[in-house]
>>> print(open('model-v4.txt').read())   # compact mmCIF, C-alpha atoms and all ligand atoms
# COMPACT_ATOMS: atom_id res chain seq x y z
CA MET A 165 0.00 0.00 0.00
CA LYS A 166 1.27 3.46 -0.89
CA PHE A 167 1.31 6.29 1.66
CA PHE A 168 0.18 9.77 0.71
CA ILE A 169 -0.03 12.66 3.15
CA ASP A 170 -3.33 14.56 3.22
CA THR A 171 -2.28 18.16 3.81
CA ALA A 172 -1.16 21.36 2.14
CA ASN A 173 1.18 22.20 5.04
CA LEU A 174 4.76 22.29 3.78
CA ASP A 175 6.39 21.52 7.16
CA GLN A 176 4.23 18.43 7.61
CA ILE A 177 4.96 17.31 4.05
CA ARG A 178 8.72 17.74 4.70
CA GLU A 179 8.46 15.82 7.99
CA ALA A 180 6.61 12.88 6.41
CA ASN A 181 8.93 12.89 3.40
CA ALA A 182 11.98 12.77 5.66
CA LEU A 183 10.75 9.41 6.99
CA GLY A 184 11.39 8.05 3.50
CA ILE A 185 7.99 6.37 3.24
CA LEU A 186 6.01 9.03 1.40
CA ASP A 187 4.60 8.24 -2.06
CA GLY A 188 2.52 11.35 -2.69
CA VAL A 189 0.35 14.18 -1.42
CA THR A 190 -3.37 14.96 -1.56
CA THR A 191 -4.84 18.40 -1.03
CA ASN A 192 -8.32 19.85 -1.21
CA PRO A 193 -9.76 23.39 -1.06
CA SER A 194 -10.30 23.14 2.72
CA LEU A 195 -6.68 22.11 3.33
CA MET A 196 -5.37 24.87 1.02
CA ALA A 197 -7.55 27.49 2.75
CA LYS A 198 -6.26 26.29 6.14
CA GLU A 199 -2.74 27.25 5.01
CA GLY A 200 -3.96 30.73 4.00
CA ILE A 201 -3.30 30.11 0.26
CA ARG A 202 -5.48 32.53 -1.72
CA GLY A 203 -5.63 33.53 -5.38
CA THR A 204 -4.71 31.59 -8.53
CA GLU A 205 -1.05 32.62 -8.56
CA ALA A 206 -0.45 31.65 -4.93
CA ILE A 207 -2.37 28.37 -5.35
CA GLU A 208 -0.37 27.35 -8.42
CA HIS A 209 2.90 28.35 -6.76
CA HIS A 210 2.01 26.23 -3.73
CA TYR A 211 1.26 23.17 -5.87
CA LYS A 212 4.59 23.57 -7.67
CA THR A 213 6.42 23.84 -4.33
CA ILE A 214 4.78 20.62 -3.11
CA CYS A 215 5.70 18.87 -6.37
CA GLU A 216 9.32 19.89 -5.90
CA LEU A 217 9.34 18.56 -2.32
CA VAL A 218 7.91 15.10 -2.98
CA ASP A 219 8.75 12.58 -5.67
CA GLY A 220 5.20 11.30 -6.21
CA ASP A 221 1.67 12.20 -7.21
CA VAL A 222 0.19 15.45 -5.94
CA SER A 223 -3.60 15.80 -6.13
CA ALA A 224 -4.77 19.33 -6.96
CA GLU A 225 -8.52 19.92 -6.95
CA VAL A 226 -10.53 21.86 -9.54
CA LEU A 227 -12.90 24.48 -8.16
CA SER A 228 -15.28 24.60 -11.13
CA THR A 229 -18.35 22.39 -11.17
CA ASP A 230 -19.18 22.58 -14.88
CA PHE A 231 -17.52 20.43 -17.58
CA GLU A 232 -15.85 23.26 -19.52
CA GLY A 233 -14.58 24.92 -16.35
CA MET A 234 -13.18 21.67 -14.93
CA VAL A 235 -11.43 20.82 -18.20
CA ALA A 236 -9.87 24.30 -18.48
CA GLU A 237 -8.74 24.28 -14.84
CA GLY A 238 -7.51 20.69 -14.96
CA LYS A 239 -5.44 21.33 -18.10
CA ARG A 240 -3.80 24.28 -16.39
CA LEU A 241 -3.14 22.36 -13.16
CA ALA A 242 -1.70 19.39 -15.07
CA SER A 243 0.64 21.73 -16.96
CA LEU A 244 2.20 22.95 -13.67
CA HIS A 245 4.16 19.73 -13.06
CA SER A 246 4.18 16.12 -14.28
CA ASN A 247 3.33 14.91 -10.74
CA ILE A 248 -0.03 16.70 -10.68
CA VAL A 249 -3.14 14.52 -10.58
CA VAL A 250 -6.32 16.53 -11.20
CA LYS A 251 -8.85 16.02 -8.42
CA VAL A 252 -12.44 16.10 -9.68
CA PRO A 253 -15.64 15.89 -7.60
CA MET A 254 -18.06 12.99 -8.06
CA ILE A 255 -20.77 14.88 -9.93
CA LYS A 256 -22.27 14.42 -13.40
CA ASP A 257 -20.02 16.96 -15.12
CA GLY A 258 -17.12 15.58 -13.09
CA ILE A 259 -17.59 12.17 -14.73
CA LYS A 260 -17.64 13.81 -18.16
CA ALA A 261 -14.47 15.72 -17.28
CA ILE A 262 -12.72 12.57 -15.98
CA LYS A 263 -13.53 10.84 -19.28
CA TRP A 264 -12.10 13.83 -21.16
CA PHE A 265 -8.96 13.88 -19.01
CA SER A 266 -8.35 10.12 -19.33
CA SER A 267 -8.77 10.36 -23.12
CA ASN A 268 -6.23 13.17 -23.18
CA GLY A 269 -3.53 11.61 -20.98
CA ILE A 270 -4.28 13.60 -17.80
CA ARG A 271 -4.48 11.59 -14.58
CA THR A 272 -7.40 12.15 -12.19
CA ASN A 273 -8.50 11.50 -8.64
CA CYS A 274 -12.29 11.33 -8.30
CA THR A 275 -13.07 12.74 -4.86
CA LEU A 276 -16.08 12.65 -2.51
CA ILE A 277 -16.81 8.96 -3.11
CA PHE A 278 -19.35 7.50 -0.70
CA SER A 279 -20.74 4.48 -2.56
CA ALA A 280 -19.70 1.59 -4.80
CA GLY A 281 -21.95 2.89 -7.57
CA GLN A 282 -20.07 6.19 -7.65
CA ALA A 283 -16.75 4.33 -7.71
CA ILE A 284 -17.84 2.10 -10.61
CA LEU A 285 -18.86 5.16 -12.64
CA ALA A 286 -15.55 6.92 -11.92
CA ALA A 287 -13.61 3.80 -12.94
CA LYS A 288 -15.64 3.48 -16.16
CA ALA A 289 -14.78 7.10 -16.97
CA GLY A 290 -11.09 6.26 -16.52
CA ALA A 291 -10.23 7.83 -13.16
CA SER A 292 -6.69 6.99 -12.02
CA TYR A 293 -7.82 7.06 -8.37
CA VAL A 294 -11.07 7.15 -6.44
CA SER A 295 -11.13 8.70 -2.97
CA PRO A 296 -13.71 7.10 -0.65
CA PHE A 297 -14.04 9.24 2.51
CA ILE A 298 -13.73 6.71 5.32
CA GLY A 299 -13.94 9.05 8.33
CA ARG A 300 -16.98 10.90 7.03
CA ILE A 301 -18.79 7.59 6.38
CA ASP A 302 -17.95 6.50 9.94
CA ASP A 303 -19.26 9.88 11.16
CA SER A 304 -22.65 9.03 9.67
CA ASN A 305 -22.81 5.67 11.48
CA TRP A 306 -21.82 3.49 8.51
CA ASP A 307 -18.61 1.48 8.29
CA GLY A 308 -16.22 3.26 5.94
CA MET A 309 -13.91 0.25 5.74
CA GLU A 310 -16.68 -1.89 4.27
CA LEU A 311 -16.63 0.41 1.26
CA ILE A 312 -12.86 -0.04 0.86
CA SER A 313 -13.26 -3.84 0.88
CA GLN A 314 -16.16 -3.63 -1.57
CA LEU A 315 -14.27 -1.38 -4.01
CA SER A 316 -11.10 -3.49 -3.85
CA HIS A 317 -13.17 -6.57 -4.65
CA ILE A 318 -15.14 -4.96 -7.49
CA TYR A 319 -12.08 -3.40 -9.14
CA THR A 320 -10.21 -6.73 -8.94
CA ILE A 321 -12.95 -8.93 -10.42
CA GLN A 322 -13.84 -6.33 -13.06
CA ASN A 323 -10.21 -5.64 -14.00
CA PHE A 324 -10.57 -1.89 -13.48
CA ARG A 325 -7.20 -0.18 -13.40
CA THR A 326 -8.46 2.59 -11.11
CA GLU A 327 -6.77 2.54 -7.70
CA VAL A 328 -8.59 2.79 -4.37
CA LEU A 329 -7.23 5.72 -2.38
CA ALA A 330 -8.59 5.59 1.17
CA ALA A 331 -9.21 9.20 2.29
CA SER A 332 -10.65 11.04 5.28
CA ILE A 333 -8.37 8.96 7.48
CA ARG A 334 -8.61 9.95 11.14
CA SER A 335 -6.34 7.51 13.01
CA ALA A 336 -3.48 5.04 12.82
CA LEU A 337 -6.04 2.24 13.17
CA HIS A 338 -7.80 3.52 10.04
CA ILE A 339 -4.52 3.06 8.14
CA VAL A 340 -4.12 -0.52 9.36
CA LYS A 341 -7.75 -1.34 8.54
CA ALA A 342 -7.44 0.25 5.08
CA ALA A 343 -4.37 -1.89 4.37
CA GLU A 344 -6.28 -4.97 5.55
CA ALA A 345 -9.27 -4.07 3.35
CA GLY A 346 -7.08 -3.86 0.24
CA ALA A 347 -6.68 -0.10 -0.30
CA ASP A 348 -4.00 0.66 -2.91
CA ILE A 349 -3.16 3.97 -1.24
CA CYS A 350 -3.96 5.57 2.08
CA THR A 351 -3.84 9.36 2.33
CA CYS A 352 -3.34 10.35 5.94
CA PRO A 353 -2.81 13.31 8.23
CA LEU A 354 0.74 13.39 9.66
CA ASP A 355 -0.53 12.51 13.17
CA SER A 356 -2.08 9.26 11.91
CA ILE A 357 1.15 8.28 10.14
CA LEU A 358 3.19 9.01 13.27
CA GLY A 359 0.59 7.14 15.33
CA LEU A 360 1.72 3.94 13.60
CA LEU A 361 5.05 4.24 15.43
CA LYS A 362 3.51 4.06 18.86
CA HIS A 363 3.34 1.09 21.21
CA PRO A 364 3.85 1.30 24.99
CA LEU A 365 5.76 -2.02 25.03
CA THR A 366 8.25 -0.53 22.55
CA ASP A 367 8.83 2.41 24.91
CA ILE A 368 9.16 0.13 27.95
CA GLY A 369 11.43 -2.28 26.06
CA LEU A 370 13.71 0.50 24.79
CA ALA A 371 13.97 2.08 28.26
CA LYS A 372 15.06 -1.32 29.66
CA PHE A 373 17.60 -1.89 26.88
CA LEU A 374 19.09 1.57 27.44
CA GLU A 375 19.22 0.98 31.20
CA ASP A 376 20.94 -2.41 30.74
CA ALA A 377 23.31 -0.91 28.16
CA LYS A 378 24.83 1.15 30.96
CA LYS A 379 25.99 -2.14 32.51
CA MET A 380 27.72 -3.28 29.34
O1 LIG A 401 -8.78 13.41 1.60
C1 LIG A 401 -10.01 13.94 2.02
C2 LIG A 401 -9.86 14.44 3.40
O2 LIG A 401 -9.04 15.57 3.43
C3 LIG A 401 -11.11 14.71 4.10
O3 LIG A 401 -10.83 14.45 5.41
O4 LIG A 401 -11.14 14.56 7.83
O5 LIG A 401 -12.06 16.39 6.34
O6 LIG A 401 -13.10 14.13 6.37
P1 LIG A 401 -11.86 14.91 6.56
>>> encode(input="model-v4.txt", output="structure tokens")
Amino acid sequence: MKFFIDTANLDQIREANALGILDGVTTNPSLMAKEGIRGTEAIEHHYKTICELVDGDVSAEVLSTDFEGMVAEGKRLASLHSNIVVKVPMIKDGIKAIKWFSSNGIRTNCTLIFSAGQAILAAKAGASYVSPFIGRIDDSNWDGMELISQLSHIYTIQNFRTEVLAASIRSALHIVKAAEAGADICTCPLDSILGLLKHPLTDIGLAKFLEDAKKM
């Protein structure tokens, strides 16, 4: 399973990248706004900076919701750097735009996926990735991981090349469960990635080794 970081924060991207396990970055308008990035020039500059930091795919989301607008924006975003993957919302014109992008050699990430039906449509249109939002499904009292298992199964038996990118990850346990459910990629906040490191028995064991090392 590949690891992406789900943030537009450059320090967090650098920290995750320094671990040597980072395969890419996902952003969205909320994450960009959180970093205070405003205006087309600043947004494009920020995407380029991220692409120069990480050797992997960087999802950049279109803000238009009509076909022509999404195509124009996506073409521009894709021209910024070869690592850019155009993120497109799961709406009717989004499907049309994904089909256009896949026919024209531009990779896409279909975002805001909450059902298998949506994921099948995105795969048919040629999306490179689909992003099912695990945490938000859990928030509404459904099991987000069931969707990951279902999509992994459907894409395998139907030979879809679209990859399942587990998104809206809220914990280290989500990452483990996504791996178990067959996600191709997990995009995670830095805290969830670092959470994978933690186990109290590791801390206790290391403290004992260091204490005994003094006797060596
Ligand atoms: O990748 C999508 C993600 O950023 C959404 O996460 O926590 O806002 O549901 P969240």
>>> residues_around(input="model-v4.txt", residues="range 264-272 of chain A", least_positions_apart="3", cutoff="9 Å", atoms="only C-alpha atoms", output="list in words")
Ser223, Val235, Gly238, Lys239, Ala242, Ile248, Val249, Val250, Lys251, Val252, Ile259, Lys260, Ala261, Ala289, Gly290, Ala291, Ser292, Tyr293 and Val294 of chain A
>>> residues_around(input="model-v4.txt", residues="Met254 in chain A", least_positions_apart="6", cutoff="8 Å", atoms="all atoms listed in the file", output="list of chain:residue names")
A:Cys274, A:Thr275, A:Leu276, A:Ile277, A:Gln282, A:Ala286
>>> closest_residue(input="model-v4.txt", among="A:Ile357, A:Ala180, A:Ile214, A:Ala331", to="ligand LIG 401 (chain A)", atoms="only C-alpha atoms and all ligand atoms")
A:Ala331
>>> residues_near_ligand(input="model-v4.txt", ligand="ligand LIG 401 (chain A)", cutoff="7 Å", atoms="all atoms listed in the file", output="list in words")
Asp170, Thr190, Thr191, Asn192, Leu195, Ser295, Phe297, Gly299, Arg300, Ala331, Ser332, Ile333, Arg334 and Thr351 of chain A
>>> residues_around(input="model-v4.txt", residues="Ser313 in chain A", least_positions_apart="6", cutoff="12 Å", atoms="all atoms listed in the file", output="list in words")
Ser279, Ala280, Pro296, Ile298, Asp307, Tyr319, Thr320, Val328, Leu329, Ala330, Lys341, Ala342, Ala343, Glu344, Ala345, Gly346, Ala347 and Asp348 of chain A
>>> residues_around(input="model-v4.txt", residues="Gly184 in chain A", least_positions_apart="4", cutoff="12 Å", atoms="all atoms listed in the file", output="PDB file with C-alpha atoms, keeping the file's coordinate frame")
ATOM      1  CA  LYS A 166       1.270   3.460  -0.890  1.00  0.00           C
ATOM      2  CA  PHE A 167       1.310   6.290   1.660  1.00  0.00           C
ATOM      3  CA  PHE A 168       0.180   9.770   0.710  1.00  0.00           C
ATOM      4  CA  ILE A 177       4.960  17.310   4.050  1.00  0.00           C
ATOM      5  CA  ARG A 178       8.720  17.740   4.700  1.00  0.00           C
ATOM      6  CA  GLU A 179       8.460  15.820   7.990  1.00  0.00           C
ATOM      7  CA  ALA A 180       6.610  12.880   6.410  1.00  0.00           C
ATOM      8  CA  GLY A 188       2.520  11.350  -2.690  1.00  0.00           C
ATOM      9  CA  VAL A 218       7.910  15.100  -2.980  1.00  0.00           C
ATOM     10  CA  ASP A 219       8.750  12.580  -5.670  1.00  0.00           C
ATOM     11  CA  GLY A 220       5.200  11.300  -6.210  1.00  0.00           C
TER      12      GLY A 220
END
>>> atom_distance(input="model-v4.txt", atom1="CA of Met234 in chain A", atom2="CA of Ile349 in chain A")
24.5 Å
>>> decode(input="model-v4.txt", residues="range 355-367 of chain A", atoms="all heavy atoms", output="PDB file, in the first residue's frame")
ATOM      1  N   ASP A 355      -0.345  13.139  11.845  1.00  0.00           N
ATOM      2  CA  ASP A 355      -0.531  12.509  13.166  1.00  0.00           C
ATOM      3  C   ASP A 355      -0.881  11.022  13.051  1.00  0.00           C
ATOM      4  O   ASP A 355      -0.442  10.221  13.870  1.00  0.00           O
ATOM      5  CB  ASP A 355      -1.672  13.199  13.939  1.00  0.00           C
ATOM      6  CG  ASP A 355      -1.211  14.514  14.528  1.00  0.00           C
ATOM      7  OD1 ASP A 355       0.002  14.794  14.451  1.00  0.00           O
ATOM      8  OD2 ASP A 355      -2.073  15.253  15.040  1.00  0.00           O
ATOM      9  N   SER A 356      -1.692  10.675  12.062  1.00  0.00           N
ATOM     10  CA  SER A 356      -2.077   9.260  11.908  1.00  0.00           C
ATOM     11  C   SER A 356      -0.887   8.433  11.455  1.00  0.00           C
ATOM     12  O   SER A 356      -0.714   7.288  11.890  1.00  0.00           O
ATOM     13  CB  SER A 356      -3.221   9.118  10.898  1.00  0.00           C
ATOM     14  OG  SER A 356      -4.324   9.880  11.310  1.00  0.00           O
ATOM     15  N   ILE A 357      -0.054   9.009  10.574  1.00  0.00           N
ATOM     16  CA  ILE A 357       1.154   8.277  10.141  1.00  0.00           C
ATOM     17  C   ILE A 357       2.069   8.057  11.341  1.00  0.00           C
ATOM     18  O   ILE A 357       2.533   6.945  11.597  1.00  0.00           O
ATOM     19  CB  ILE A 357       1.907   9.056   9.038  1.00  0.00           C
ATOM     20  CG1 ILE A 357       1.028   9.211   7.787  1.00  0.00           C
ATOM     21  CG2 ILE A 357       3.222   8.349   8.687  1.00  0.00           C
ATOM     22  CD1 ILE A 357       1.640  10.079   6.685  1.00  0.00           C
ATOM     23  N   LEU A 358       2.290   9.133  12.114  1.00  0.00           N
ATOM     24  CA  LEU A 358       3.189   9.012  13.273  1.00  0.00           C
ATOM     25  C   LEU A 358       2.601   8.091  14.340  1.00  0.00           C
ATOM     26  O   LEU A 358       3.332   7.450  15.092  1.00  0.00           O
ATOM     27  CB  LEU A 358       3.500  10.395  13.855  1.00  0.00           C
ATOM     28  CG  LEU A 358       4.239  11.354  12.902  1.00  0.00           C
ATOM     29  CD1 LEU A 358       4.483  12.697  13.571  1.00  0.00           C
ATOM     30  CD2 LEU A 358       5.551  10.754  12.416  1.00  0.00           C
ATOM     31  N   GLY A 359       1.275   8.017  14.382  1.00  0.00           N
ATOM     32  CA  GLY A 359       0.594   7.139  15.333  1.00  0.00           C
ATOM     33  C   GLY A 359       0.961   5.679  15.121  1.00  0.00           C
ATOM     34  O   GLY A 359       0.904   4.867  16.059  1.00  0.00           O
ATOM     35  N   LEU A 360       1.335   5.332  13.889  1.00  0.00           N
ATOM     36  CA  LEU A 360       1.721   3.942  13.601  1.00  0.00           C
ATOM     37  C   LEU A 360       2.980   3.533  14.358  1.00  0.00           C
ATOM     38  O   LEU A 360       3.225   2.351  14.570  1.00  0.00           O
ATOM     39  CB  LEU A 360       1.969   3.758  12.093  1.00  0.00           C
ATOM     40  CG  LEU A 360       0.750   3.873  11.178  1.00  0.00           C
ATOM     41  CD1 LEU A 360       1.200   3.893   9.725  1.00  0.00           C
ATOM     42  CD2 LEU A 360      -0.223   2.729  11.422  1.00  0.00           C
ATOM     43  N   LEU A 361       3.784   4.533  14.731  1.00  0.00           N
ATOM     44  CA  LEU A 361       5.046   4.243  15.429  1.00  0.00           C
ATOM     45  C   LEU A 361       4.821   3.747  16.860  1.00  0.00           C
ATOM     46  O   LEU A 361       5.674   3.063  17.421  1.00  0.00           O
ATOM     47  CB  LEU A 361       5.886   5.523  15.542  1.00  0.00           C
ATOM     48  CG  LEU A 361       6.522   6.099  14.274  1.00  0.00           C
ATOM     49  CD1 LEU A 361       6.959   7.535  14.524  1.00  0.00           C
ATOM     50  CD2 LEU A 361       7.713   5.249  13.888  1.00  0.00           C
ATOM     51  N   LYS A 362       3.665   4.164  17.413  1.00  0.00           N
ATOM     52  CA  LYS A 362       3.513   4.063  18.864  1.00  0.00           C
ATOM     53  C   LYS A 362       3.091   2.697  19.374  1.00  0.00           C
ATOM     54  O   LYS A 362       2.153   2.096  18.860  1.00  0.00           O
ATOM     55  CB  LYS A 362       2.482   5.097  19.336  1.00  0.00           C
ATOM     56  CG  LYS A 362       2.961   6.514  19.162  1.00  0.00           C
ATOM     57  CD  LYS A 362       1.886   7.498  19.610  1.00  0.00           C
ATOM     58  CE  LYS A 362       2.235   8.911  19.166  1.00  0.00           C
ATOM     59  NZ  LYS A 362       1.043   9.768  19.115  1.00  0.00           N
ATOM     60  N   HIS A 363       3.806   2.223  20.401  1.00  0.00           N
ATOM     61  CA  HIS A 363       3.338   1.087  21.205  1.00  0.00           C
ATOM     62  C   HIS A 363       4.012   1.190  22.570  1.00  0.00           C
ATOM     63  O   HIS A 363       5.236   1.318  22.639  1.00  0.00           O
ATOM     64  CB  HIS A 363       3.661  -0.256  20.547  1.00  0.00           C
ATOM     65  CG  HIS A 363       2.837  -1.366  21.115  1.00  0.00           C
ATOM     66  ND1 HIS A 363       3.028  -1.855  22.390  1.00  0.00           N
ATOM     67  CD2 HIS A 363       1.782  -2.043  20.606  1.00  0.00           C
ATOM     68  CE1 HIS A 363       2.134  -2.800  22.623  1.00  0.00           C
ATOM     69  NE2 HIS A 363       1.362  -2.934  21.562  1.00  0.00           N
ATOM     70  N   PRO A 364       3.242   1.130  23.661  1.00  0.00           N
ATOM     71  CA  PRO A 364       3.850   1.296  24.988  1.00  0.00           C
ATOM     72  C   PRO A 364       4.920   0.251  25.277  1.00  0.00           C
ATOM     73  O   PRO A 364       5.910   0.543  25.953  1.00  0.00           O
ATOM     74  CB  PRO A 364       2.665   1.170  25.956  1.00  0.00           C
ATOM     75  CG  PRO A 364       1.528   0.657  25.162  1.00  0.00           C
ATOM     76  CD  PRO A 364       1.776   0.995  23.730  1.00  0.00           C
ATOM     77  N   LEU A 365       4.759  -0.971  24.759  1.00  0.00           N
ATOM     78  CA  LEU A 365       5.763  -2.017  25.030  1.00  0.00           C
ATOM     79  C   LEU A 365       7.086  -1.704  24.323  1.00  0.00           C
ATOM     80  O   LEU A 365       8.150  -2.102  24.795  1.00  0.00           O
ATOM     81  CB  LEU A 365       5.240  -3.394  24.603  1.00  0.00           C
ATOM     82  CG  LEU A 365       4.093  -3.950  25.458  1.00  0.00           C
ATOM     83  CD1 LEU A 365       3.635  -5.300  24.922  1.00  0.00           C
ATOM     84  CD2 LEU A 365       4.512  -4.077  26.921  1.00  0.00           C
ATOM     85  N   THR A 366       7.013  -0.973  23.213  1.00  0.00           N
ATOM     86  CA  THR A 366       8.246  -0.535  22.546  1.00  0.00           C
ATOM     87  C   THR A 366       8.976   0.449  23.454  1.00  0.00           C
ATOM     88  O   THR A 366      10.198   0.347  23.655  1.00  0.00           O
ATOM     89  CB  THR A 366       7.921   0.127  21.194  1.00  0.00           C
ATOM     90  OG1 THR A 366       7.200  -0.805  20.397  1.00  0.00           O
ATOM     91  CG2 THR A 366       9.188   0.542  20.458  1.00  0.00           C
ATOM     92  N   ASP A 367       8.215   1.404  24.023  1.00  0.00           N
ATOM     93  CA  ASP A 367       8.831   2.407  24.909  1.00  0.00           C
ATOM     94  C   ASP A 367       9.441   1.744  26.147  1.00  0.00           C
ATOM     95  O   ASP A 367      10.569   2.048  26.542  1.00  0.00           O
ATOM     96  CB  ASP A 367       7.783   3.446  25.348  1.00  0.00           C
ATOM     97  CG  ASP A 367       7.198   4.190  24.158  1.00  0.00           C
ATOM     98  OD1 ASP A 367       7.869   4.212  23.103  1.00  0.00           O
ATOM     99  OD2 ASP A 367       6.087   4.731  24.277  1.00  0.00           O
TER     100      ASP A 367
END
